[in-house]
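Data file: protein-v9.cif. Format and content: mmCIF, C-alpha atoms.
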```cif
data_my_file
loop_
_atom_site.label_atom_id
_atom_site.label_comp_id
_atom_site.auth_asym_id
_atom_site.auth_seq_id
_atom_site.Cartn_x
_atom_site.Cartn_y
_atom_site.Cartn_z
CA MET A 214 -22.84 -8.42 33.85
CA ALA A 215 -24.87 -7.65 30.75
CA LEU A 216 -23.27 -10.47 28.78
CA ALA A 217 -23.63 -13.03 31.56
CA LYS A 218 -27.34 -12.37 32.12
CA LEU A 219 -30.46 -12.33 30.03
CA LYS A 220 -31.56 -9.10 28.51
CA ALA A 221 -34.86 -7.76 29.70
CA LEU A 222 -38.18 -9.05 28.74
CA VAL A 223 -39.85 -5.69 28.13
CA ASN A 224 -43.03 -5.04 30.14
CA ASN A 225 -45.33 -4.31 27.22
CA ASN A 226 -44.20 -7.35 25.24
CA MET A 227 -44.94 -9.93 27.94
CA LYS A 228 -48.72 -10.47 27.44
CA PRO A 229 -50.08 -14.03 27.46
CA SER A 230 -50.74 -15.62 24.10
CA LYS A 231 -54.13 -16.69 22.78
CA GLU A 232 -53.41 -20.22 23.97
CA ALA A 233 -53.12 -18.95 27.53
CA GLN A 234 -56.57 -17.38 27.29
CA GLU A 235 -58.03 -20.84 26.82
CA VAL A 236 -56.77 -21.82 30.29
CA SER A 237 -59.06 -21.65 33.27
CA LEU A 238 -58.00 -18.07 34.09
CA ASN A 239 -59.29 -17.76 37.64
CA GLU A 240 -57.68 -20.91 38.87
CA THR A 241 -54.42 -20.31 37.03
CA GLN A 242 -54.14 -16.73 38.17
CA ASN A 243 -54.60 -17.78 41.77
CA ASN A 244 -51.88 -20.37 41.43
CA SER A 245 -49.46 -17.94 39.74
CA GLU A 246 -49.96 -14.91 41.95
CA ASN A 247 -51.41 -15.82 45.33
CA ASN A 248 -49.49 -19.05 45.78
CA SER A 249 -46.27 -18.07 44.00
CA GLN A 250 -44.35 -17.85 47.24
CA ARG A 251 -45.82 -21.05 48.66
CA ILE A 252 -45.30 -23.56 45.86
CA THR A 253 -42.32 -24.32 43.63
CA TYR A 254 -42.36 -24.09 39.84
CA LYS A 255 -42.38 -27.88 39.71
CA ASN A 256 -45.44 -28.18 41.95
CA TRP A 257 -47.10 -25.41 39.99
CA GLY A 258 -46.46 -27.31 36.76
CA PHE A 259 -47.80 -30.52 38.31
CA GLN A 260 -51.01 -28.81 39.48
CA SER A 261 -51.51 -26.95 36.20
CA ALA A 262 -51.10 -30.18 34.21
CA GLY A 263 -53.78 -31.76 36.34
CA ASN A 264 -56.11 -28.81 35.77
CA HIS A 265 -55.67 -29.07 31.98
CA ASN A 266 -55.15 -32.80 31.58
CA GLY A 267 -51.57 -32.28 30.32
CA ARG A 268 -52.69 -30.84 26.96
CA GLU A 269 -50.20 -29.00 24.71
CA ILE A 270 -52.19 -25.81 24.01
CA PRO A 271 -52.73 -24.86 27.67
CA PHE A 272 -49.06 -25.69 28.36
CA GLY A 273 -47.95 -23.02 25.87
CA GLY A 274 -50.13 -20.44 27.59
CA MET A 275 -48.86 -21.39 31.06
CA LEU A 276 -45.25 -20.79 29.98
CA ASN A 277 -46.15 -17.14 29.44
CA LEU A 278 -47.41 -16.99 33.03
CA VAL A 279 -44.18 -18.64 34.24
CA ARG A 280 -42.25 -15.89 32.50
CA GLN A 281 -44.43 -13.22 34.13
CA ARG A 282 -43.97 -14.74 37.56
CA PHE A 283 -40.20 -14.95 37.16
CA ARG A 284 -40.07 -11.28 36.10
CA LYS A 285 -42.13 -10.29 39.09
CA GLU A 286 -39.79 -12.14 41.43
CA VAL A 287 -36.79 -10.36 39.90
CA LEU A 288 -38.44 -6.95 40.27
CA GLU A 289 -39.38 -7.69 43.88
CA ASP A 290 -35.78 -8.60 44.69
CA GLU A 291 -34.64 -5.09 45.62
CA ASN A 292 -31.02 -6.01 46.33
CA GLU A 293 -30.66 -7.78 43.02
CA THR A 294 -32.25 -4.84 41.21
CA LYS A 295 -29.90 -2.37 42.87
CA LYS A 296 -26.92 -4.55 41.97
CA ILE A 297 -28.06 -4.75 38.35
CA ILE A 298 -28.51 -0.98 38.15
CA ASN A 299 -25.16 -0.35 39.84
CA ASP A 300 -23.36 -2.72 37.45
CA ALA A 301 -25.11 -1.05 34.52
CA GLN A 302 -23.98 2.38 35.77
CA ILE A 303 -20.36 1.16 36.04
CA GLU A 304 -20.45 -0.19 32.50
CA LEU A 305 -22.08 3.03 31.28
CA ASP A 306 -19.35 5.15 32.90
CA LYS A 307 -16.67 2.99 31.29
CA ARG A 308 -18.13 3.44 27.85
CA GLU A 309 -18.68 7.16 28.29
CA LEU A 310 -15.01 7.46 29.26
CA GLN A 311 -14.00 5.46 26.20
CA ILE A 312 -16.16 7.73 24.03
CA SER A 313 -14.54 10.82 25.56
CA ASN A 314 -11.03 9.44 24.98
CA LYS A 315 -11.79 8.58 21.37
CA GLU A 316 -13.32 12.00 20.73
CA ASN A 317 -10.17 13.62 22.16
CA GLU A 318 -8.09 11.40 19.90
CA ILE A 319 -10.12 12.54 16.90
CA GLY A 320 -9.59 16.16 17.94
CA ASN A 321 -5.84 15.64 18.20
CA ILE A 322 -5.72 14.03 14.75
CA ASN A 323 -7.67 16.91 13.24
CA GLN A 324 -5.68 19.67 14.94
CA LYS A 325 -2.15 18.27 15.17
CA LYS A 326 -2.01 16.15 12.04
CA ILE A 327 -4.60 16.88 9.38
CA SER A 328 -4.60 20.65 9.91
CA VAL A 329 -0.79 20.76 9.80
CA LEU A 330 -0.71 18.64 6.64
CA LYS A 331 -3.31 20.84 4.94
CA GLU A 332 -1.32 23.94 5.85
CA LYS A 333 1.81 22.41 4.34
CA ILE A 334 -0.09 21.56 1.16
CA GLU A 335 -1.36 25.14 0.86
CA ASN A 336 2.17 26.50 1.31
CA LEU A 337 3.51 24.15 -1.36
CA LYS A 338 0.76 25.22 -3.78
CA LYS A 339 1.71 28.86 -3.16
CA ASP A 340 5.36 27.98 -3.83
CA ILE A 341 4.39 26.40 -7.15
CA ILE A 342 2.47 29.52 -8.17
CA ARG A 343 5.42 31.72 -7.18
CA ILE A 344 7.87 29.58 -9.18
CA LYS A 345 5.66 29.76 -12.27
CA GLU A 346 5.34 33.54 -11.93
CA ASN A 347 9.05 34.15 -11.21
CA PRO A 348 11.11 31.26 -12.64
CA GLU A 349 14.21 33.50 -12.79
CA GLU A 350 14.58 33.01 -9.04
CA LEU A 351 15.76 29.48 -9.76
CA LEU A 352 17.67 30.22 -12.96
CA LYS A 353 20.96 31.70 -11.81
CA ASP A 354 22.55 31.24 -15.26
CA LYS A 355 20.51 33.38 -17.64
CA LEU A 356 22.69 32.26 -20.57
CA GLY A 357 21.77 28.61 -20.02
CA LYS A 358 19.50 28.42 -23.07
CA ALA A 359 22.04 30.01 -25.43
CA GLY A 360 24.79 27.81 -24.04
CA LEU A 361 22.61 24.77 -24.55
CA ILE A 362 21.99 25.62 -28.22
CA ILE A 363 25.68 26.28 -28.91
CA GLY A 364 26.66 23.11 -27.07
CA ILE A 365 24.18 21.01 -29.07
CA LEU A 366 25.56 22.39 -32.36
CA ILE A 367 29.15 21.65 -31.35
CA LEU A 368 28.18 18.23 -29.99
CA SER A 369 26.38 17.37 -33.23
CA ALA A 370 29.38 18.36 -35.34
CA LEU A 371 31.78 16.40 -33.13
CA THR A 372 29.48 13.37 -33.24
CA VAL A 373 29.52 13.41 -37.05
CA TYR A 374 33.30 13.86 -37.01
CA LEU A 375 33.84 10.94 -34.60
CA PHE A 376 31.51 8.74 -36.61
CA VAL A 377 33.43 9.44 -39.83
CA PHE A 378 36.82 9.19 -38.13
CA TYR A 379 36.30 5.90 -36.29
CA SER A 380 34.44 4.22 -39.14
CA SER A 381 37.20 5.19 -41.57
CA ALA A 382 40.01 4.42 -39.10
CA SER A 383 38.57 1.00 -38.25
CA TYR A 384 38.20 0.21 -41.95
CA SER A 385 41.78 1.28 -42.65
CA ALA A 386 43.09 -0.68 -39.66
CA PHE A 387 41.14 -3.91 -40.14
CA PHE A 388 40.18 -4.25 -43.79
CA LYS A 389 41.98 -1.83 -46.11
CA GLN A 390 44.82 -3.27 -48.16
CA PHE A 391 47.58 -0.71 -48.75
CA THR A 392 49.70 -1.04 -51.88
CA ILE A 393 52.87 0.61 -52.96
CA ASN A 394 50.89 2.62 -55.50
CA SER A 395 48.45 3.88 -52.82
CA ASN A 396 48.42 7.49 -51.84
CA LEU A 397 49.98 7.22 -48.41
CA GLY A 398 49.07 10.69 -47.24
CA MET A 399 47.51 11.13 -43.84
CA ALA A 400 44.02 11.94 -45.06
CA SER A 401 43.77 9.05 -47.47
CA SER A 402 45.12 6.57 -44.94
CA ILE A 403 42.42 7.35 -42.41
CA PHE A 404 39.51 9.18 -44.02
CA ASP A 405 38.87 6.87 -46.88
CA PRO A 406 35.85 8.38 -48.72
CA LYS A 407 34.97 4.95 -50.12
CA ALA A 408 35.15 3.10 -46.77
CA ILE A 409 31.41 2.52 -46.42
CA GLU A 410 30.95 1.92 -50.15
CA VAL A 411 33.67 -0.74 -50.23
CA ALA A 412 32.63 -2.27 -46.90
CA SER A 413 29.03 -2.57 -48.08
CA GLU A 414 30.16 -5.40 -50.32
CA HIS A 415 30.68 -7.46 -47.14
CA ILE A 416 27.95 -7.23 -44.54
CA THR A 417 30.24 -8.06 -41.63
CA GLU A 418 32.70 -5.32 -42.53
CA LEU A 419 29.85 -2.82 -42.95
CA ILE A 420 28.30 -3.63 -39.57
CA LEU A 421 31.66 -3.32 -37.84
CA ILE A 422 32.69 0.06 -39.23
CA LEU A 423 29.17 1.48 -38.65
CA THR A 424 28.95 0.34 -35.01
CA ILE A 425 32.49 1.02 -33.77
CA PRO A 426 31.84 4.80 -33.44
CA PHE A 427 29.01 4.06 -31.01
CA VAL A 428 31.47 2.24 -28.76
CA PHE A 429 33.34 5.48 -28.21
CA LEU A 430 30.17 7.54 -27.90
CA GLY A 431 28.94 5.05 -25.30
CA LEU A 432 32.17 5.37 -23.36
CA GLY A 433 31.78 9.15 -23.38
CA TYR A 434 28.21 8.84 -22.10
CA LEU A 435 29.36 6.57 -19.27
CA ILE A 436 31.96 9.15 -18.24
CA HIS A 437 29.16 11.73 -17.94
CA ARG A 438 27.03 9.36 -15.85
CA PHE A 439 29.90 8.58 -13.49
CA GLN A 440 30.57 12.31 -13.04
CA GLU A 441 27.06 12.84 -11.67
CA LYS A 442 28.11 11.30 -8.34
CA LYS A 443 31.37 12.68 -7.05
CA ASN A 444 33.25 9.92 -5.25
CA PHE A 445 36.54 8.05 -5.48
CA LYS A 446 34.93 4.91 -6.91
CA ASN A 447 33.41 6.80 -9.84
CA TYR A 448 36.62 8.74 -10.46
CA PHE A 449 38.45 5.42 -10.68
CA LYS A 450 35.86 4.17 -13.19
CA ILE A 451 36.24 7.32 -15.30
CA PHE A 452 40.03 6.88 -15.31
CA GLY A 453 39.55 3.26 -16.41
CA LEU A 454 37.28 4.30 -19.30
CA ILE A 455 39.78 6.89 -20.49
CA VAL A 456 42.60 4.33 -20.39
CA VAL A 457 40.50 1.79 -22.34
CA THR A 458 39.67 4.41 -24.97
CA PHE A 459 43.31 5.43 -25.26
CA ILE A 460 44.39 1.79 -25.72
CA PHE A 461 41.79 1.33 -28.44
CA ASP A 462 42.99 4.46 -30.25
CA PHE A 463 46.58 3.34 -29.73
CA ILE A 464 45.84 0.02 -31.43
CA LEU A 465 44.10 1.71 -34.38
CA ALA A 466 46.94 4.23 -34.81
CA TYR A 467 49.60 1.52 -34.48
CA GLU A 468 47.87 -0.75 -37.00
CA ILE A 469 47.47 2.02 -39.60
CA THR A 470 50.96 3.43 -39.22
CA GLU A 471 52.43 -0.08 -39.30
CA LYS A 472 50.74 -0.78 -42.63
CA ILE A 473 52.02 2.50 -44.03
CA TYR A 474 55.53 1.80 -42.69
CA ASN A 475 55.62 -1.69 -44.17
CA ILE A 476 54.57 -0.36 -47.58
CA LYS A 477 57.37 2.21 -47.46
CA LYS A 478 59.81 -0.43 -46.26
CA GLY A 479 58.91 -2.71 -49.14
CA GLY A 480 59.49 0.03 -51.73
CA SER A 481 62.72 1.34 -50.18
CA PHE A 482 66.24 0.37 -51.24
CA GLN A 483 67.53 1.09 -47.77
CA ASP A 484 67.62 -1.38 -44.89
CA MET A 485 64.75 -0.39 -42.58
CA PRO A 486 64.15 -2.04 -39.17
CA ASP A 487 60.90 -3.81 -38.35
CA TYR A 488 58.11 -1.61 -37.08
CA SER A 489 57.87 -1.37 -33.29
CA VAL A 490 56.23 0.64 -30.53
CA SER A 491 59.30 2.80 -30.15
CA LEU A 492 59.17 3.64 -33.86
CA ALA A 493 55.45 4.37 -33.52
CA PHE A 494 56.13 6.87 -30.75
CA GLN A 495 58.63 8.59 -33.05
CA ALA A 496 56.17 8.76 -35.96
CA VAL A 497 54.21 11.97 -36.41
CA ASN A 498 51.39 10.13 -38.16
CA PHE A 499 50.91 7.93 -35.07
CA TRP A 500 50.33 10.94 -32.80
CA LEU A 501 48.17 12.67 -35.41
CA ILE A 502 45.82 9.67 -35.40
CA ILE A 503 45.82 9.59 -31.59
CA PHE A 504 44.97 13.27 -31.33
CA ALA A 505 42.50 13.17 -34.22
CA GLY A 506 40.56 10.43 -32.40
CA PHE A 507 41.27 10.24 -28.68
CA VAL A 508 41.57 13.99 -27.98
CA VAL A 509 38.44 14.78 -30.00
CA TYR A 510 36.69 12.00 -28.08
CA LEU A 511 37.63 13.70 -24.79
CA ILE A 512 36.40 17.05 -26.12
CA TRP A 513 33.14 15.36 -27.12
CA GLY A 514 32.76 14.04 -23.57
CA PHE A 515 33.29 17.47 -22.02
CA VAL A 516 30.87 19.14 -24.45
CA PHE A 517 28.28 16.42 -23.80
CA ASP A 518 28.61 16.97 -20.06
CA PHE A 519 28.21 20.72 -20.59
CA VAL A 520 25.08 20.21 -22.72
CA MET A 521 23.48 17.96 -20.11
CA GLU A 522 24.32 20.44 -17.37
CA SER A 523 22.78 23.29 -19.38
CA TYR A 524 19.68 21.20 -19.97
CA ASP A 525 19.37 20.48 -16.26
CA LYS A 526 19.58 24.21 -15.54
CA LEU A 527 16.76 24.92 -17.98
CA ASP A 528 14.75 22.03 -16.58
CA ILE A 529 15.22 23.10 -12.96
CA VAL A 530 11.89 24.96 -12.86
CA LYS A 531 10.00 21.90 -14.04
CA GLN A 532 11.89 19.69 -11.60
CA ALA A 533 11.20 22.05 -8.70
CA ILE A 534 7.47 22.08 -9.47
CA LYS A 535 7.43 18.30 -9.88
CA ALA A 536 9.22 17.84 -6.54
CA LYS A 537 6.67 20.02 -4.76
CA GLU A 538 3.77 18.22 -6.47
CA THR A 539 5.23 14.90 -5.31
CA GLU A 540 5.49 16.27 -1.78
CA ILE A 541 1.85 17.41 -1.96
CA LYS A 542 0.81 13.91 -3.05
CA LEU A 543 2.60 12.36 -0.07
CA TYR A 544 0.90 14.79 2.33
CA GLU A 545 -2.48 14.01 0.76
CA GLU A 546 -1.87 10.29 1.29
CA ASP A 547 -1.07 11.02 4.95
CA ILE A 548 -4.35 12.95 5.23
CA VAL A 549 -6.27 9.98 3.82
CA LYS A 550 -4.60 7.65 6.35
CA ASN A 551 -5.50 9.96 9.23
CA GLN A 552 -9.06 10.36 7.93
CA ASN A 553 -9.40 6.58 7.80
CA ALA A 554 -8.26 6.47 11.43
CA ILE A 555 -10.94 9.06 12.31
CA ASP A 556 -13.61 7.04 10.48
CA SER A 557 -12.59 3.95 12.42
CA LEU A 558 -12.79 5.87 15.72
CA ASN A 559 -16.22 7.28 14.80
CA LYS A 560 -17.43 3.77 14.07
CA GLU A 561 -16.21 2.59 17.48
CA ILE A 562 -17.89 5.59 19.14
CA ALA A 563 -21.20 4.77 17.41
CA GLU A 564 -21.02 1.19 18.70
CA LEU A 565 -20.23 2.40 22.22
CA ARG A 566 -23.18 4.81 22.15
CA LEU A 567 -25.52 1.98 21.20
CA GLU A 568 -24.25 0.05 24.20
CA CYS A 569 -24.76 3.13 26.36
CA LYS A 570 -28.43 3.30 25.35
CA ASP A 571 -28.93 -0.28 26.53
CA TYR A 572 -27.37 0.51 29.90
CA GLU A 573 -29.38 3.72 30.19
CA LYS A 574 -32.59 1.73 29.72
CA ILE A 575 -31.54 -0.60 32.53
CA ILE A 576 -30.74 2.31 34.85
CA SER A 577 -34.03 4.09 34.05
CA GLY A 578 -36.05 0.91 34.63
CA ASN A 579 -37.29 0.61 31.05
CA THR A 580 -35.32 -2.63 30.74
CA ILE A 581 -34.44 -5.16 33.37
CA ILE A 582 -31.78 -7.84 33.34
CA ILE A 583 -32.69 -11.28 34.53
CA ASN A 584 -30.51 -14.27 35.14
CA TRP A 585 -30.88 -16.50 32.11
CA GLU A 586 -29.82 -19.63 33.94
CA GLY A 587 -32.42 -18.93 36.62
CA TYR A 588 -35.10 -18.22 34.04
CA GLU A 589 -34.24 -21.35 32.09
CA HIS A 590 -34.25 -23.38 35.31
CA SER A 591 -37.74 -22.07 36.17
CA ILE A 592 -39.10 -23.02 32.76
CA PHE A 593 -37.64 -26.52 32.95
CA GLU A 594 -38.85 -26.97 36.55
CA PHE A 595 -42.38 -26.08 35.52
CA THR A 596 -42.09 -28.42 32.52
CA SER A 597 -40.76 -31.18 34.76
CA GLY A 598 -43.80 -30.86 37.02
CA TRP A 599 -46.13 -30.90 34.03
CA THR A 600 -44.56 -34.00 32.48
CA HIS A 601 -44.42 -35.69 35.92
CA TRP A 602 -48.21 -35.48 36.05
CA MET A 603 -48.44 -36.87 32.52
CA SER A 604 -46.17 -39.81 33.41
CA ALA A 605 -48.16 -40.52 36.58
CA ARG A 606 -51.34 -40.65 34.49
CA GLY A 607 -49.74 -43.06 32.02
CA GLN A 608 -49.81 -40.75 29.00
CA TRP A 609 -47.82 -41.70 25.93
CA GLN A 610 -44.07 -40.92 25.89
CA ASN A 611 -44.31 -39.13 22.54
CA LYS A 612 -46.74 -36.61 24.08
CA ILE A 613 -44.34 -36.06 26.99
CA ASP A 614 -41.50 -35.48 24.51
CA GLN A 615 -43.67 -32.94 22.67
CA ILE A 616 -44.09 -30.97 25.91
CA HIS A 617 -40.29 -30.86 26.36
CA ASP A 618 -39.90 -29.70 22.77
CA LEU A 619 -42.45 -26.95 23.28
CA ALA A 620 -40.55 -25.71 26.35
CA GLN A 621 -37.27 -25.61 24.42
CA GLU A 622 -38.89 -23.79 21.50
CA PHE A 623 -40.34 -21.25 23.92
CA LEU A 624 -36.89 -20.52 25.40
CA ASN A 625 -35.31 -20.29 21.94
CA LYS A 626 -38.00 -17.86 20.83
CA ASP A 627 -37.32 -15.66 23.86
CA LYS A 628 -33.63 -15.68 23.01
CA LYS A 629 -34.24 -14.72 19.44
CA THR A 630 -36.94 -12.13 20.10
CA GLU A 631 -35.13 -10.41 22.95
CA ASN A 632 -31.59 -10.86 21.52
CA LEU A 633 -30.62 -12.73 24.66
CA LYS A 634 -27.08 -14.06 25.08
#
```

Turn the structure described in the file into structure tokens.
Amino acid sequence: MALAKLKALVNNNMKPSKEAQEVSLNETQNNSENNSQRITYKNWGFQSAGNHNGREIPFGGMLNLVRQRFRKEVLEDENETKKIINDAQIELDKRELQISNKENEIGNINQKKISVLKEKIENLKKDIIRIKENPEELLKDKLGKAGLIIGILILSALTVYLFVFYSSASYSAFFKQFTINSNLGMASSIFDPKAIEVASEHITELILILTIPFVFLGLGYLIHRFQEKKNFKNYFKIFGLIVVTFIFDFILAYEITEKIYNIKKGGSFQDMPDYSVSLAFQAVNFWLIIFAGFVVYLIWGFVFDFVMESYDKLDIVKQAIKAKETEIKLYEEDIVKNQNAIDSLNKEIAELRLECKDYEKIISGNTIIINWEGYEHSIFEFTSGWTHWMSARGQWQNKIDQIHDLAQEFLNKDKKTENLK
């Protein structure tokens, strides 16, 4: 109802303008008040134009009187007034109910969501303080730090050993040329003290023997990573890595022992068969190389896994605190979201209360609602009567058009001033 009709033209703001005071007041007042029920707006406009010779300035003043007369007719229409007030009361009740529902929603958010989240945050903060004060509650293995230190020392020594072993073994297998005068003992065949020195003369050889140890260390690290998640797929991957490592060590051992065998064969007066896998399996040197590399590699993997596990045990306090801090952050983000929802509801409530004030003014009589179409029709009827007189008297068309423009400007000004829709 409020959107379909004009908003009130407030009583105190409806005084005639200075232009209206130039009109013949006695005559005009009689026409507007005493004869308002006897003549139409068109006849009134026709008569008023005749009284003022169709001039523009008096016309502007008469439009104010038309507005006053229309307001008076609306106020005198008791049924229409009651209907307007009743409609305003219905709209007011709707908005008050909406306000009540939104306030209840805000209360529920505060009590059932924000309060609960704040309580959880406080409990988590207390847990963090308790962990910092009594970290031994989380550290079941009190020897974790000592075990970690011992494990790191062993792991470091094994890493150096594997680096020396695989760099020397790869040099002996791929690049070293054995001669009949060479010392064919086990140590000299694998741990060649001059391997890096000799390989440095060729950059490719040097890069190879320096990087091959990291292949095995990388395989050991992958085994540890796959062990973190216990499932059949990862166990299969671990088995595959161990097989690949064993094959690599097998090739190195076979290549070295074959070179040694061929040197012995060349310097022997006896008929010796060609070197084969079966002969390799029967050679002690072959298995010594396998165990010196592959078995130590497995030990390195187990020690590395132990070191990482010990580190995780020592780091459990920090991880527990970090987990609770992360949980607190998530709860705080939820609080912000709920607070934004409350702010949005408060904004809607403020808008509804402004609308309620408008309806309260209508109900109290401080503001009335008039039918805009009816008001506009009255203005144009009066203008039509005024311009009819001007046409009958043969006045210029441009002056008639100016009267129509003045009427339209008057209506637009009422819209703008009174926020009419």

CA of Leu565 (chain A) sits from CA of Glu586 (chain A) at a separation of 26.7 Å

Just to confirm, what's the straight-line distance from CA of Cys569 (chain A) to CA of Ser313 (chain A) in Å (one decimal)?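 Taking CA of Cys569 (chain A) as the start and CA of Ser313 (chain A) as the end point, the length is 12.8 Å.
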
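Distances from A:Lys550, A:His437, A:Lys296, A:Lys345 to Val530 (chain A) were compared using all atoms listed in the file, and the smallest one belongs to A:Lys345.
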
Using all atoms listed in the file, pick whichever of A:Gln495, A:Thr424, A:Asn323, A:Ser369 has the shortest atom-to-atom distance to Asp556 (chain A).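 So, comparing all the options, the nearest one is A:Asn323.
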
What does the distance between CA of Thr539 (chain A) and CA of Lys331 (chain A) come to in Å, to one decimal place? 14.6 Å

Using only C-alpha atoms, pick whichever of A:Ile562, A:Val549, A:Ile575, A:Leu432 has the shortest atom-to-atom distance to Glu309 (chain A).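 Going through A:Ile562, A:Val549, A:Ile575, A:Leu432 one by one, the smallest distance to Glu309 (chain A) is for A:Ile562.
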
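The result of the PyMOL selection byres ((chain A and resi 259) around 7) on the shown file is Lys255, Asn256, Trp257, Gly258, Gln260, Ser261, Ala262, Gly263, Gly598, Trp599, His601 and Trp602 of chain A.
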
Which residue, A:Leu278, A:Leu465, A:Ile297, A:Leu543, has the smallest gap to Ala382 (chain A) when you use all atoms listed in the file?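 Smallest distance to Ala382 (chain A) is found for A:Leu465.
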
Exactly which residues make up the result of the PyMOL selection byres ((chain A and resi 510) around 8) on this file, given as a count of residues only? 12

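Near Asp614 (chain A), within a cut-off of 12 Å and counting only C-alpha atoms, sit the residues Glu269, Thr596, Ser597, Trp599, Thr600, His601, Met603, Ser604, Gln608, Trp609, Gln610, Asn611, Lys612, Ile616, His617, Asp618, Leu619, Ala620 and Gln621 of chain A, with same-chain residues fewer than 2 positions away left out.
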
Between A:Ile312, A:Ile334, A:Ile460, A:Ala493, smallest distance to Ile541 (chain A) by all atoms listed in the file belongs to A:Ile334

Can you work out which one of A:Ile344, A:Val329, A:Ala466, A:Leu558 has the shortest atom-to-atom distance to Tyr379 (chain A), counting all atoms listed in the file? A:Ala466

Do you know which residues the PyMOL selection byres ((chain A and resi 276) around 9) returns on this file, as a list in words?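 Matching residues under the PyMOL selection byres ((chain A and resi 276) around 9) are Pro229, Ala233, Pro271, Phe272, Gly273, Gly274, Met275, Asn277, Leu278, Val279, Arg280, Gln281, Ile592, Phe595, Thr596, Ala620 and Phe623 of chain A.
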
Starting from 6 Å padding per side, set up an axis-aligned box that covers all listed atoms of region 537-542 of chain A and hand over centre and edge lengths in Å, one decimal, as AutoDock Vina command-line options.
```
--center_x 3.7 --center_y 17.0 --center_z -4.1 --size_x 17.9 --size_y 18.1 --size_z 16.7
```
